[in-house]
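Asks: This is run05.txt, which holds compact mmCIF, C-alpha atoms:
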```
# COMPACT_ATOMS: atom_id res chain seq x y z
CA MET G 1 -3.62 1.25 -21.67
CA ILE G 2 -0.18 2.70 -22.33
CA LYS G 3 3.16 0.91 -22.51
CA ALA G 4 4.42 1.95 -19.10
CA LEU G 5 5.35 0.48 -15.76
CA VAL G 6 5.22 2.63 -12.63
CA PHE G 7 7.76 1.86 -9.93
CA ASP G 8 7.30 2.22 -6.21
CA THR G 9 10.35 2.83 -4.01
CA GLY G 10 10.76 -0.73 -2.76
CA PRO G 11 11.80 -2.62 -5.92
CA ILE G 12 14.43 0.01 -6.73
CA ILE G 13 15.81 -0.24 -3.20
CA SER G 14 15.96 -4.04 -3.27
CA LEU G 15 17.60 -4.10 -6.72
CA THR G 16 20.15 -1.45 -5.69
CA ILE G 17 21.13 -3.17 -2.46
CA ASN G 18 21.66 -6.38 -4.43
CA ASN G 19 23.77 -4.67 -7.06
CA LEU G 20 21.13 -5.48 -9.68
CA LEU G 21 19.93 -2.02 -10.60
CA TRP G 22 21.63 -2.32 -14.01
CA VAL G 23 18.97 -4.93 -14.87
CA LEU G 24 16.46 -2.09 -15.28
CA GLU G 25 18.15 -0.81 -18.43
CA SER G 26 18.18 -4.23 -20.06
CA LEU G 27 14.58 -4.83 -19.05
CA LYS G 28 13.52 -1.45 -20.37
CA ASN G 29 15.15 -2.14 -23.75
CA GLU G 30 13.21 -5.37 -23.86
CA TYR G 31 9.99 -3.75 -22.67
CA LYS G 32 10.05 -0.91 -25.22
CA GLY G 33 7.97 1.36 -23.05
CA GLU G 34 8.49 3.80 -20.21
CA PHE G 35 9.47 3.21 -16.60
CA TYR G 36 8.05 5.90 -14.34
CA ILE G 37 8.54 6.99 -10.76
CA THR G 38 6.71 9.71 -8.84
CA PRO G 39 8.13 12.74 -7.02
CA ALA G 40 7.48 11.03 -3.67
CA VAL G 41 9.46 7.98 -4.80
CA TYR G 42 12.28 10.26 -6.02
CA ASP G 43 12.27 11.96 -2.64
CA GLU G 44 12.54 8.64 -0.80
CA LEU G 45 15.18 7.19 -3.16
CA ILE G 46 17.41 10.23 -3.61
CA ILE G 47 16.69 13.34 -1.54
CA LYS G 48 16.26 11.77 1.90
CA PRO G 49 19.33 9.49 1.80
CA LEU G 50 21.52 12.27 0.34
CA ASN G 51 20.98 14.10 3.61
CA THR G 52 22.30 11.15 5.63
CA ARG G 53 25.54 9.18 5.63
CA LYS G 54 24.03 5.76 5.68
CA TYR G 55 22.45 5.34 2.24
CA LYS G 56 24.05 8.24 0.42
CA LEU G 57 26.13 5.99 -1.85
CA GLU G 58 23.09 3.88 -2.73
CA ALA G 59 21.14 7.03 -3.61
CA LEU G 60 24.00 8.16 -5.86
CA GLN G 61 23.89 4.79 -7.59
CA VAL G 62 20.21 5.28 -8.39
CA LEU G 63 20.54 8.89 -9.54
CA PRO G 64 22.11 8.22 -12.98
CA TYR G 65 19.17 5.96 -13.88
CA ILE G 66 16.95 8.98 -13.39
CA THR G 67 19.18 11.56 -15.06
CA LYS G 68 19.68 9.24 -18.06
CA GLY G 69 15.91 8.70 -18.35
CA THR G 70 15.77 4.97 -17.56
CA LEU G 71 13.38 5.99 -14.81
CA LYS G 72 11.35 9.09 -15.62
CA ILE G 73 9.62 11.23 -13.04
CA TYR G 74 5.92 11.58 -13.70
CA ASN G 75 4.16 14.44 -12.00
CA ASN G 76 0.81 15.92 -12.85
CA LEU G 77 -2.24 17.37 -11.11
CA PRO G 78 -4.78 14.60 -11.89
CA MET G 79 -2.40 12.09 -10.29
CA ILE G 80 -2.22 14.15 -7.09
CA SER G 81 -5.99 14.33 -6.70
CA ILE G 82 -6.38 10.59 -7.47
CA ALA G 83 -3.70 9.81 -4.86
CA LYS G 84 -5.52 11.83 -2.24
CA GLU G 85 -8.80 10.13 -3.09
CA VAL G 86 -7.34 6.61 -2.99
CA ALA G 87 -5.47 7.26 0.27
CA ASP G 88 -8.52 8.83 1.92
CA TYR G 89 -10.82 5.95 1.01
CA ALA G 90 -8.21 3.32 1.89
CA ASN G 91 -7.57 4.97 5.25
CA HIS G 92 -11.31 4.97 6.01
CA SER G 93 -11.97 1.37 5.12
CA PHE G 94 -10.79 -0.54 8.20
CA GLU G 95 -11.97 0.18 11.73
CA ILE G 96 -10.95 -1.10 15.13
CA ASP G 97 -12.99 0.09 18.12
CA GLY G 98 -14.56 2.90 16.10
CA ASN G 99 -11.17 4.18 14.91
CA PHE G 100 -10.18 4.11 11.28
CA ILE G 101 -6.72 2.71 10.72
CA GLU G 102 -4.40 4.73 8.50
CA ILE G 103 -2.91 1.86 6.59
CA VAL G 104 -1.20 3.69 3.72
CA HIS G 105 0.69 6.93 3.29
CA LYS G 106 -0.40 9.39 0.62
CA GLY G 107 3.15 9.55 -0.75
CA GLU G 108 3.31 5.85 -1.52
CA ILE G 109 -0.18 5.90 -2.99
CA GLU G 110 1.15 8.38 -5.57
CA ALA G 111 2.73 5.49 -7.45
CA VAL G 112 -0.62 3.69 -7.48
CA ALA G 113 -2.41 6.87 -8.55
CA THR G 114 0.12 7.45 -11.33
CA ALA G 115 -0.39 3.92 -12.62
CA ILE G 116 -4.17 4.45 -12.54
CA SER G 117 -3.96 7.89 -14.13
CA LEU G 118 -1.66 6.70 -16.92
CA GLN G 119 -3.50 3.40 -17.34
CA ALA G 120 -0.12 1.76 -17.02
CA GLU G 121 0.23 -1.94 -17.70
CA ALA G 122 1.35 -2.61 -14.14
CA ILE G 123 2.79 -1.13 -10.98
CA VAL G 124 6.07 -2.56 -9.69
CA ILE G 125 5.76 -2.73 -5.91
CA ASP G 126 7.39 -4.92 -3.27
CA GLU G 127 5.43 -3.65 -0.30
CA ARG G 128 2.75 -6.00 1.00
CA THR G 129 -0.09 -3.77 2.23
CA THR G 130 -0.39 -1.62 -0.89
CA ARG G 131 -0.20 -4.76 -3.02
CA HIS G 132 -3.09 -6.27 -1.05
CA LEU G 133 -5.00 -3.00 -1.41
CA ILE G 134 -4.75 -3.36 -5.18
CA GLU G 135 -5.28 -7.11 -5.47
CA CYS G 136 -7.55 -8.10 -2.57
CA PRO G 137 -8.22 -5.42 0.04
CA GLU G 138 -10.36 -7.67 2.24
CA LYS G 139 -7.20 -9.63 3.06
CA ILE G 140 -5.90 -6.56 4.91
CA ALA G 141 -8.73 -6.88 7.44
CA SER G 142 -8.15 -10.59 8.00
CA HIS G 143 -4.42 -10.01 8.38
CA MET G 144 -4.99 -7.26 10.96
CA GLU G 145 -7.46 -9.42 12.90
CA ARG G 146 -4.88 -12.17 13.06
CA THR G 147 -2.02 -9.94 14.21
CA MET G 148 -3.90 -7.53 16.44
CA HIS G 149 -6.37 -10.09 17.88
CA GLN G 150 -9.17 -7.59 17.50
CA LYS G 151 -12.25 -7.42 15.33
CA VAL G 152 -11.69 -5.29 12.23
CA LEU G 153 -14.80 -3.76 10.68
CA ILE G 154 -14.75 -3.13 6.97
CA ASN G 155 -16.50 -0.04 5.68
CA GLN G 156 -17.85 -1.74 2.58
CA GLN G 157 -18.83 1.45 0.79
CA ASN G 158 -15.37 2.98 1.07
CA LEU G 159 -13.69 -0.30 0.21
CA LYS G 160 -15.90 -0.61 -2.86
CA LYS G 161 -14.71 2.85 -3.87
CA VAL G 162 -11.09 1.75 -3.43
CA LYS G 163 -11.69 -1.23 -5.72
CA GLU G 164 -13.37 0.98 -8.32
CA LEU G 165 -10.44 3.38 -8.29
CA MET G 166 -7.93 0.51 -8.59
CA GLY G 167 -9.77 -0.86 -11.61
CA THR G 168 -7.79 -3.62 -13.31
CA LEU G 169 -4.36 -2.44 -12.13
CA ARG G 170 -1.85 -5.31 -12.04
CA VAL G 171 1.14 -5.75 -9.76
CA ILE G 172 4.59 -7.20 -10.29
CA ARG G 173 7.43 -7.29 -7.77
CA SER G 174 11.21 -7.24 -7.95
CA VAL G 175 11.18 -11.07 -7.77
CA GLU G 176 9.26 -11.19 -11.03
CA LEU G 177 11.64 -8.66 -12.62
CA VAL G 178 14.62 -10.75 -11.54
CA THR G 179 13.00 -13.90 -12.94
CA ILE G 180 12.36 -12.25 -16.29
CA ALA G 181 15.94 -10.94 -16.31
CA TYR G 182 17.10 -14.51 -15.78
CA GLU G 183 14.86 -15.86 -18.56
CA LYS G 184 16.18 -13.21 -20.95
CA GLY G 185 19.78 -14.18 -20.13
CA PHE G 186 20.65 -10.86 -18.53
CA LEU G 187 22.11 -12.59 -15.47
CA ASN G 188 24.54 -14.61 -17.60
CA ARG G 189 27.23 -12.04 -16.93
CA PHE G 190 27.77 -13.91 -13.63
CA THR G 191 28.13 -17.30 -15.30
CA ASP G 192 31.40 -17.57 -17.20
CA ASN G 193 33.05 -20.91 -18.04
CA ALA G 194 35.52 -20.67 -15.17
CA GLY G 195 32.73 -20.08 -12.68
CA SER G 196 30.64 -22.94 -13.98
CA LYS G 197 33.52 -25.32 -13.24
CA ILE G 198 33.43 -24.25 -9.61
CA VAL G 199 29.66 -23.91 -9.08
CA PRO G 200 27.50 -26.68 -10.48
CA ASN G 201 24.44 -25.35 -12.28
CA ILE G 202 25.72 -21.83 -11.86
CA LYS G 203 22.92 -20.15 -13.78
CA HIS G 204 20.34 -21.57 -11.43
CA ALA G 205 22.50 -20.60 -8.47
CA VAL G 206 22.59 -17.01 -9.71
CA LEU G 207 18.80 -16.96 -9.99
CA GLU G 208 18.41 -18.43 -6.52
CA GLY G 209 20.88 -15.90 -5.11
CA ALA G 210 19.12 -12.99 -6.78
CA LEU G 211 15.65 -14.07 -5.61
CA TRP G 212 16.78 -14.52 -2.03
CA GLY G 213 18.70 -11.27 -2.27
CA VAL G 214 15.60 -9.22 -3.05
CA LYS G 215 13.56 -11.13 -0.45
CA LEU G 216 16.09 -10.51 2.29
CA ASN G 217 16.16 -6.83 1.42
CA GLY G 218 12.46 -6.27 1.78
CA CYS G 219 10.51 -7.72 -1.16
CA SER G 220 7.33 -9.25 0.23
CA VAL G 221 7.71 -12.76 -1.20
CA LYS G 222 7.33 -16.08 0.57
CA GLU G 223 9.99 -18.74 0.72
CA GLN G 224 7.59 -21.15 -1.00
CA GLU G 225 7.14 -18.71 -3.88
CA ILE G 226 10.91 -18.67 -4.43
CA ILE G 227 10.98 -22.47 -4.34
CA ASP G 228 8.16 -22.53 -6.92
CA ILE G 229 9.99 -20.07 -9.20
CA LEU G 230 13.13 -22.17 -9.05
CA LYS G 231 11.11 -25.27 -9.98
CA MET G 232 9.50 -23.41 -12.87
CA GLU G 233 12.90 -22.32 -14.14
CA LYS G 234 14.63 -25.73 -13.99
CA MET H 1 -1.47 11.07 12.16
CA ASN H 2 -4.93 12.06 13.37
CA ILE H 3 -7.68 12.05 10.82
CA LYS H 4 -8.50 15.68 10.23
CA ASN H 5 -11.84 17.03 9.11
CA LYS H 6 -11.41 17.24 5.34
CA LYS H 7 -13.55 18.09 2.35
CA TRP H 8 -13.91 14.94 0.33
CA LYS H 9 -14.35 14.85 -3.42
CA GLN H 10 -17.25 12.51 -2.78
CA PRO H 11 -18.75 12.07 0.66
CA LEU H 12 -16.96 9.35 2.55
CA ASN H 13 -19.10 6.78 4.25
CA THR H 14 -17.83 6.86 7.80
CA GLY H 15 -20.36 4.24 8.91
CA ALA H 16 -20.41 3.42 12.58
CA ALA H 17 -17.61 5.85 13.30
CA GLU H 18 -19.98 8.74 12.58
CA LYS H 19 -21.48 8.05 15.97
CA ASN H 20 -18.12 8.50 17.57
CA LEU H 21 -16.75 11.50 15.73
CA SER H 22 -14.69 12.68 18.69
CA ALA H 23 -12.61 9.54 18.40
CA SER H 24 -11.82 9.99 14.76
CA SER H 25 -12.27 12.72 12.22
CA LEU H 26 -12.78 15.71 14.50
CA GLN H 27 -10.23 14.78 17.16
CA SER H 28 -7.73 17.56 17.70
CA PRO H 29 -4.04 16.66 17.84
CA SER H 30 -4.01 17.50 21.55
CA ASP H 31 -6.70 14.97 22.49
CA LEU H 32 -5.61 11.44 23.19
CA HIS H 33 -8.03 8.57 23.08
CA HIS H 34 -8.50 7.38 26.68
CA SER H 35 -7.22 3.89 25.90
CA VAL H 36 -4.01 5.35 24.46
CA LYS H 37 -3.51 7.49 27.56
CA ASP H 38 -4.24 4.62 29.93
CA ASP H 39 -1.90 2.35 28.02
CA ILE H 40 0.95 4.85 28.08
CA ILE H 41 0.58 5.43 31.82
CA ALA H 42 0.40 1.70 32.60
CA VAL H 43 3.34 0.88 30.37
CA LEU H 44 5.53 3.64 31.80
CA ARG H 45 4.74 2.58 35.38
CA ASN H 46 5.66 -1.01 34.54
CA ALA H 47 8.77 0.22 32.74
CA ILE H 48 9.98 1.95 35.92
CA LYS H 49 9.54 -1.30 37.90
CA SER H 50 11.39 -3.24 35.21
CA LEU H 51 14.23 -0.69 35.03
CA LEU H 52 14.72 -0.78 38.80
CA LYS H 53 14.88 -4.58 38.67
CA GLY H 54 17.01 -4.57 35.51
CA ASP H 55 14.43 -6.85 33.88
CA LEU H 56 15.16 -6.64 30.14
CA VAL H 57 12.52 -9.16 29.15
CA ALA H 58 9.75 -7.30 30.95
CA LEU H 59 10.92 -4.00 29.44
CA ARG H 60 10.74 -5.37 25.92
CA GLU H 61 7.31 -6.81 26.61
CA GLU H 62 6.06 -3.38 27.69
CA SER H 63 7.42 -1.90 24.50
CA ASP H 64 5.65 -4.57 22.42
CA HIS H 65 2.42 -4.01 24.29
CA ILE H 66 2.26 -0.34 23.45
CA ILE H 67 3.22 -0.94 19.83
CA HIS H 68 -0.07 -2.78 19.45
CA CYS H 69 -1.88 0.41 20.45
CA SER H 70 0.39 2.44 18.17
CA ALA H 71 -0.68 0.44 15.10
CA ILE H 72 -4.32 1.39 15.68
CA PHE H 73 -4.07 5.01 16.76
CA GLN H 74 -0.66 5.94 15.33
CA ARG H 75 -0.16 8.64 17.94
CA GLN H 76 3.35 9.96 18.35
CA GLU H 77 3.01 9.73 22.15
CA SER H 78 2.55 5.96 22.12
CA ILE H 79 5.13 5.46 19.39
CA GLN H 80 7.74 7.52 21.22
CA THR H 81 6.95 5.62 24.44
CA ALA H 82 7.52 2.29 22.68
CA VAL H 83 10.79 3.48 21.15
CA VAL H 84 12.12 4.99 24.37
CA ILE H 85 11.39 1.87 26.42
CA TYR H 86 12.99 -0.37 23.82
CA ALA H 87 16.01 1.92 23.63
CA LEU H 88 16.40 1.79 27.42
CA ALA H 89 16.28 -2.01 27.21
CA LYS H 90 19.10 -1.92 24.63
CA ILE H 91 21.18 0.35 26.88
CA LEU H 92 20.78 -2.13 29.76
CA GLU H 93 21.62 -4.98 27.41
CA ARG H 94 24.92 -3.31 26.60
CA GLY H 95 25.84 -3.30 30.23
CA LYS H 96 25.24 0.36 30.94
CA THR H 97 23.32 1.54 33.96
CA ILE H 98 20.30 3.75 33.77
CA ASP H 99 20.72 7.13 35.41
CA ALA H 100 18.23 7.96 38.18
CA LYS H 101 17.38 11.07 36.15
CA VAL H 102 15.80 8.78 33.53
CA ILE H 103 13.47 7.32 36.15
CA ASP H 104 12.62 10.88 37.29
CA ALA H 105 11.84 11.87 33.72
CA ILE H 106 9.56 8.87 33.24
CA GLU H 107 7.73 9.70 36.47
CA LYS H 108 7.28 13.27 35.33
CA ALA H 109 6.04 12.04 31.93
CA ILE H 110 3.44 9.92 33.73
CA SER H 111 2.31 12.89 35.80
CA PHE H 112 1.95 15.05 32.70
CA MET H 113 0.03 12.34 30.86
CA MET H 114 -2.38 11.92 33.79
CA VAL H 115 -3.42 15.57 33.50
CA ASP H 116 -3.46 15.51 29.68
CA ASN H 117 -0.45 17.83 29.45
CA LEU H 118 0.96 16.45 26.20
CA ARG H 119 3.48 19.24 25.81
CA GLY H 120 4.95 18.39 29.22
CA PHE H 121 4.87 14.69 28.34
CA ASN H 122 6.72 15.25 25.07
CA THR H 123 9.30 17.43 26.83
CA GLU H 124 10.10 14.63 29.29
CA ILE H 125 10.30 12.03 26.50
CA LYS H 126 12.70 14.31 24.64
CA ALA H 127 14.77 14.65 27.80
CA ILE H 128 14.98 10.85 28.01
CA TYR H 129 16.07 10.71 24.35
CA ASP H 130 18.80 13.26 25.12
CA MET H 131 20.02 11.16 28.06
CA ILE H 132 20.02 8.04 25.86
CA GLY H 133 21.98 9.99 23.23
CA ALA H 134 24.58 10.95 25.82
CA VAL H 135 25.05 7.30 26.87
CA ASP H 136 25.13 6.14 23.25
CA ASP H 137 27.95 8.50 22.26
CA GLN H 138 30.07 6.98 24.96
CA LEU H 139 29.60 3.46 23.60
CA SER H 140 30.99 3.99 20.14
CA MET H 141 30.58 6.56 17.43
CA TYR H 142 30.21 3.82 14.90
CA MET H 143 27.66 1.79 16.76
CA GLN H 144 24.16 2.23 15.44
CA HIS H 145 22.35 4.63 17.66
CA VAL H 146 20.05 2.74 19.98
CA VAL H 147 17.20 5.07 19.21
CA THR H 148 17.36 4.33 15.47
CA GLU H 149 17.62 0.64 16.24
CA ALA H 150 14.59 0.92 18.48
CA GLN H 151 12.67 2.82 15.79
CA ILE H 152 13.43 0.19 13.18
CA LYS H 153 12.52 -2.66 15.50
CA LYS H 154 9.25 -1.07 16.58
CA GLY H 155 8.54 0.01 13.02
CA SER H 156 8.78 -3.56 11.84
CA ARG H 157 6.20 -4.55 14.46
CA ILE H 158 3.79 -1.91 13.16
CA TYR H 159 4.40 -3.22 9.62
CA GLU H 160 3.70 -6.73 10.89
CA HIS H 161 0.30 -5.53 12.07
CA GLY H 162 -0.62 -4.56 8.50
CA ILE H 163 0.36 -0.91 8.17
CA SER H 164 2.16 -0.15 4.90
CA LEU H 165 5.92 0.32 4.72
CA GLY H 166 5.61 3.95 3.65
CA GLN H 167 3.19 4.78 6.45
CA THR H 168 5.39 2.97 8.98
CA ALA H 169 8.46 4.87 7.78
CA GLU H 170 6.53 8.13 8.03
CA ILE H 171 5.33 7.41 11.58
CA PHE H 172 8.83 6.66 12.84
CA GLY H 173 10.72 9.20 10.77
CA LEU H 174 12.72 6.41 9.15
CA SER H 175 13.82 5.91 5.59
CA GLN H 176 12.40 3.04 3.59
CA TRP H 177 15.99 1.96 2.86
CA GLU H 178 16.48 1.20 6.56
CA LEU H 179 13.13 -0.44 7.08
CA MET H 180 13.29 -2.67 4.03
CA LYS H 181 16.71 -4.02 4.98
CA TYR H 182 15.45 -4.98 8.42
CA ILE H 183 12.01 -6.26 7.45
CA GLY H 184 13.49 -8.45 4.73
CA LYS H 185 15.31 -10.43 7.40
CA THR H 186 12.21 -11.07 9.48
CA ARG H 187 9.43 -13.57 8.87
CA VAL H 188 6.88 -10.86 8.12
CA SER H 189 6.65 -11.88 4.44
CA GLU H 190 5.83 -15.46 5.41
CA GLU H 191 2.70 -14.22 7.20
CA ALA H 192 1.30 -12.49 4.11
CA VAL H 193 -1.82 -14.07 2.65
CA ASP H 194 -1.73 -15.32 -0.92
CA THR H 195 -3.56 -13.12 -3.41
CA VAL H 196 -2.22 -14.16 -6.82
CA LEU H 197 -0.42 -17.46 -7.49
CA ILE H 198 3.27 -17.08 -8.29
CA ARG H 199 2.85 -19.00 -11.54
CA ASP H 200 0.24 -16.48 -12.69
CA ARG H 201 2.49 -13.59 -11.67
CA ILE H 202 5.38 -14.94 -13.72
CA ILE H 203 3.13 -15.61 -16.72
CA PHE H 204 1.82 -12.06 -16.56
CA ALA H 205 5.35 -10.64 -16.18
CA ARG H 206 6.41 -12.60 -19.27
CA THR H 207 3.59 -11.03 -21.30
CA LEU H 208 4.91 -7.57 -20.43
CA PHE H 209 8.38 -8.32 -21.79
CA THR H 210 7.43 -10.29 -24.89
CA ALA H 211 8.89 -8.66 -27.98
CA SER H 212 5.97 -9.47 -30.27
CA ARG H 213 3.46 -7.23 -28.36
```
Rewrite the structure of this file - the entire thing - as C-alpha cells.
Replies:
Amino acid sequence: MIKALVFDTGPIISLTINNLLWVLESLKNEYKGEFYITPAVYDELIIKPLNTRKYKLEALQVLPYITKGTLKIYNNLPMISIAKEVADYANHSFEIDGNFIEIVHKGEIEAVATAISLQAEAIVIDERTTRHLIECPEKIASHMERTMHQKVLINQQNLKKVKELMGTLRVIRSVELVTIAYEKGFLNRFTDNAGSKIVPNIKHAVLEGALWGVKLNGCSVKEQEIIDILKMEK
Amino acid sequence: MNIKNKKWKQPLNTGAAEKNLSASSLQSPSDLHHSVKDDIIAVLRNAIKSLLKGDLVALREESDHIIHCSAIFQRQESIQTAVVIYALAKILERGKTIDAKVIDAIEKAISFMMVDNLRGFNTEIKAIYDMIGAVDDQLSMYMQHVVTEAQIKKGSRIYEHGISLGQTAEIFGLSQWELMKYIGKTRVSEEAVDTVLIRDRIIFARTLFTASR
C-alpha cells in the first residue's frame, strides 16, 4: 500500500463551490503523501468548464492546485486496462428484463482503477453509486428495485469479479475531509474573537456550515450522518 | 450507450442475457428495444394531448414516465424525448404558447418512430429543440436555458434510479459541476442505503491523517 489518496471529481467540486479547496493543501501537509487525480477527472474539473461560461471561474480556482502539484495527475497504461475491466464487469452485473444496466461511466471508474493500481490507502469520492460499487455492490440492486419497481437480477459471477478487483479499497468523502480539517484546527481561520462574540459556539457552527455546504453541493451524505458527526465533535 | 460486442480480457458471464443477445450486446445503435419504441410513441401521443389542453402536470408526468425507461436502456431517443417534453412544460409554465409547428414536429417524430426511422425521429426532435431555443432567447438571455434545466432535472431522476453521476452526466451531455449542485439540493442522498457507519468512516479518516504513521 502506498501513501496516496486518489480523488474523484465530486469532492473537489464540492470543496471548490464551498470555498474550501484551500483545505486540501493543509490536509496534504498533514497526510505526508500524494493526492492524485486521473486525466478524466482533470478533463471534468478543468477542460470542460473552461469551454463554458458557467463554471469557468471555478475551474480556474482548481487549476493552481494542479499546477502547483497539490493534486497530481496519474496516468498509466495498467490503470486504463483495469478501468475498462472494472467498468465492463460493473456494467454487466445488474439486469432488468434481460438488459444489463450501464451503471457507471468508464471515465469515473478511472479514479477507482488508479486507486487499485497504486494500492492507494483510499479513494476520495462523493458519488453514491461508485461508492456502493466499492463497499457493497449488492445494495445497488436493492436500490434500483426500490426506485424502478422492477426485479433486478444480479449476475453473481460478474459481481464477484467486481469485488475481487476492488479488493480492500476504502472510501472517504468530502464530509470526512471537512471533519478532519476541523479536528486539525484548519477551519479556525473563520473563528476569530470578534466572531465568537456574535456567534455562540462559532467553531461548531463553522463545522456544521461546512458539512451542510458539501452535502448541498452534491456529496452523498445523509442528514443523520451530519447530525452524528456534530455529536461526535461536541 | 448500447453495449457493443467487445473482446473481454476474461470472458464475461452474461448469464440469462446470453439467450437474448439481440437485446443487449449485439444490438446495433439503430435498433430500439420494442418497449423503448412503444414507450416513446405512447408518451409523445399523450404529450400532444397535454399540450393542446395546456396540462402542465400531465406533461411532466409523461416526461417522468419515459425517464424510467431511460434509466434502463439509456437510449438517446428516450432521453431526448424526456428532455423535450419537460422543456415544453417549462415553456408553458412561463406563460408562452406552444407553436403549432411543435405539435406538427411531434406528430412527425411519432410517424418516424413507428417505422423505425430513427434518423427522421432525431431530425424532428432537433427541430423541436431549435423551436424551444427560439422561444427561450426571447425570454431572457440570462435565464437558464430551458433545455439545460430540463436535462439537469431529468438527469437527477436517472441518478435517483441508481445510475452513477458520471454516467448520468455523460448521457445528458452535462457537466458534473451542474449536476452536483442540483442533486445536492434534492433528497436523493437520503434514499441511499447505509454501507459503512459514519463513526467508522471518521475513525478511518483519522488514521489516514495521524502524524505518527
Asks: Using only C-alpha atoms, which residues sit within 10 Å of H:Ile110 once same-chain residues fewer than 4 positions away are excluded, as JSON, numbers by chain?
Replies: {"H": [37, 40, 41, 42, 43, 44, 45, 104, 105, 106, 114, 115, 116, 117, 120, 121, 124]}
Asks: Go ahead and find all residues with at least one atom no further than 12 Å from (24.7, -19.7, -8.3) in the file's coordinates, using only C-alpha atoms; report them as a list in words.
Replies: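 The answer, in the requested form, is Tyr182, Leu187, Asn188, Arg189, Phe190, Thr191, Asp192, Gly195, Ser196, Lys197, Ile198, Val199, Pro200, Asn201, Ile202, Lys203, His204, Ala205, Val206, Leu207, Glu208, Gly209, Ala210, Leu211, Trp212, Gly213 and Leu230 of chain G.
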Asks: Could you turn the residues from that selection into a file that holds C-alpha atoms, as a compact mmCIF listing (two decimals), in the frame of the given file?
Replies:
```
# COMPACT_ATOMS: atom_id res chain seq x y z
CA TYR G 182 17.10 -14.51 -15.78
CA LEU G 187 22.11 -12.59 -15.47
CA ASN G 188 24.54 -14.61 -17.60
CA ARG G 189 27.23 -12.04 -16.93
CA PHE G 190 27.77 -13.91 -13.63
CA THR G 191 28.13 -17.30 -15.30
CA ASP G 192 31.40 -17.57 -17.20
CA GLY G 195 32.73 -20.08 -12.68
CA SER G 196 30.64 -22.94 -13.98
CA LYS G 197 33.52 -25.32 -13.24
CA ILE G 198 33.43 -24.25 -9.61
CA VAL G 199 29.66 -23.91 -9.08
CA PRO G 200 27.50 -26.68 -10.48
CA ASN G 201 24.44 -25.35 -12.28
CA ILE G 202 25.72 -21.83 -11.86
CA LYS G 203 22.92 -20.15 -13.78
CA HIS G 204 20.34 -21.57 -11.43
CA ALA G 205 22.50 -20.60 -8.47
CA VAL G 206 22.59 -17.01 -9.71
CA LEU G 207 18.80 -16.96 -9.99
CA GLU G 208 18.41 -18.43 -6.52
CA GLY G 209 20.88 -15.90 -5.11
CA ALA G 210 19.12 -12.99 -6.78
CA LEU G 211 15.65 -14.07 -5.61
CA TRP G 212 16.78 -14.52 -2.03
CA GLY G 213 18.70 -11.27 -2.27
CA LEU G 230 13.13 -22.17 -9.05
```
Asks: Using only C-alpha atoms, which residues sit within 6 Å of stretch 63-73 of chain H once same-chain residues fewer than 4 positions away are excluded, as an NGL selection string?
Replies: (:G and (101)) or (:H and (78-79 or 82 or 85-86 or 158))
Asks: Might you pull out every residue within 8 Å of G:Ala141, with all atoms listed in the file counted and same-chain residues fewer than 6 positions away left off, and present them as an mmCIF file with C-alpha atoms, in the frame of the given file?
Replies:
```cif
data_model
loop_
_atom_site.group_PDB
_atom_site.id
_atom_site.type_symbol
_atom_site.label_atom_id
_atom_site.label_comp_id
_atom_site.auth_asym_id
_atom_site.auth_seq_id
_atom_site.Cartn_x
_atom_site.Cartn_y
_atom_site.Cartn_z
ATOM 1 C CA PHE G 94 -10.790 -0.540 8.200
ATOM 2 C CA VAL G 152 -11.690 -5.290 12.230
ATOM 3 C CA LEU G 153 -14.800 -3.760 10.680
ATOM 4 C CA ILE G 154 -14.750 -3.130 6.970
#
```
Asks: Could you state the separation of atom CA of G:Arg146 and atom CA of H:Tyr159 in Å, given to one decimal place?
Replies: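 Answer for the atom CA of G:Arg146 to atom CA of H:Tyr159 separation: 13.3 Å.
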Asks: Residues of chain H within 6 Å of chain G, using only C-alpha atoms, as a CSV table (one decimal) with C-alpha atoms, in the coordinates of the input?
Replies:
```csv
chain,number,residue,atom,x,y,z
H,17,ALA,CA,-17.6,5.8,13.3
H,24,SER,CA,-11.8,10.0,14.8
H,72,ILE,CA,-4.3,1.4,15.7
H,161,HIS,CA,0.3,-5.5,12.1
H,162,GLY,CA,-0.6,-4.6,8.5
H,163,ILE,CA,0.4,-0.9,8.2
H,164,SER,CA,2.2,-0.2,4.9
H,166,GLY,CA,5.6,4.0,3.6
H,167,GLN,CA,3.2,4.8,6.4
H,180,MET,CA,13.3,-2.7,4.0
H,181,LYS,CA,16.7,-4.0,5.0
H,183,ILE,CA,12.0,-6.3,7.4
H,184,GLY,CA,13.5,-8.4,4.7
H,185,LYS,CA,15.3,-10.4,7.4
H,189,SER,CA,6.6,-11.9,4.4
H,190,GLU,CA,5.8,-15.5,5.4
H,209,PHE,CA,8.4,-8.3,-21.8
```
Asks: To one decimal place in Å, what is the distance between atom CA of G:Ile125 and atom CA of G:Ala111?
Replies: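 Computing it gives 8.9 Å between the two atoms.
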Asks: Work out how far atom CA of H:Ala89 is from atom CA of H:Ala109, in Å to one decimal.
Replies: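 Atom CA of H:Ala89 lies at a distance of 18.0 Å from atom CA of H:Ala109.
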Asks: So which one's closest to G:Val124, G:Lys163, G:Pro64, G:Val112, G:Ala83? Using all atoms listed in the file, please.
Replies: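 When distances to G:Val124 are compared using all atoms listed in the file, the smallest one comes from G:Val112.
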Asks: Please provide the set of residues having any atom within 8 Å of H:Gln151, restricted to only C-alpha atoms, with same-chain residues fewer than 2 positions apart removed, written as a PyMOL selection string.
Replies: chain H and resi 83+147-149+153-155+172+174
Asks: Ranking H:Arg187, H:Ala58, H:Met131, H:Thr195 by minimum distance to H:Arg157 and counting all atoms listed in the file, which one comes first?
Replies: H:Arg187
Asks: Neighbouring residues of G:Ile46 were defined as those with any atom within 9 Å, considering only C-alpha atoms; residues of the same chain fewer than 4 positions away were excluded. Please report them as a ChimeraX atom specification.
Replies: /G:41-42,50-51,56,58-60,62-63
Asks: Box for stretch 53-72 of chain H - axis-aligned, 6 Å on each of the six sides, all listed atoms - centre and size in Å to one decimal, as AutoDock Vina command-line options.
Replies:
```
--center_x 6.3 --center_y -3.4 --center_z 26.9 --size_x 33.3 --size_y 23.6 --size_z 35.6
```
Asks: From the set H:Val36, H:Ile171, H:Ala127, H:Ile98, which residue has the shortest atom-to-atom contact distance to H:Gly54, counting only C-alpha atoms?
Replies: H:Ile98
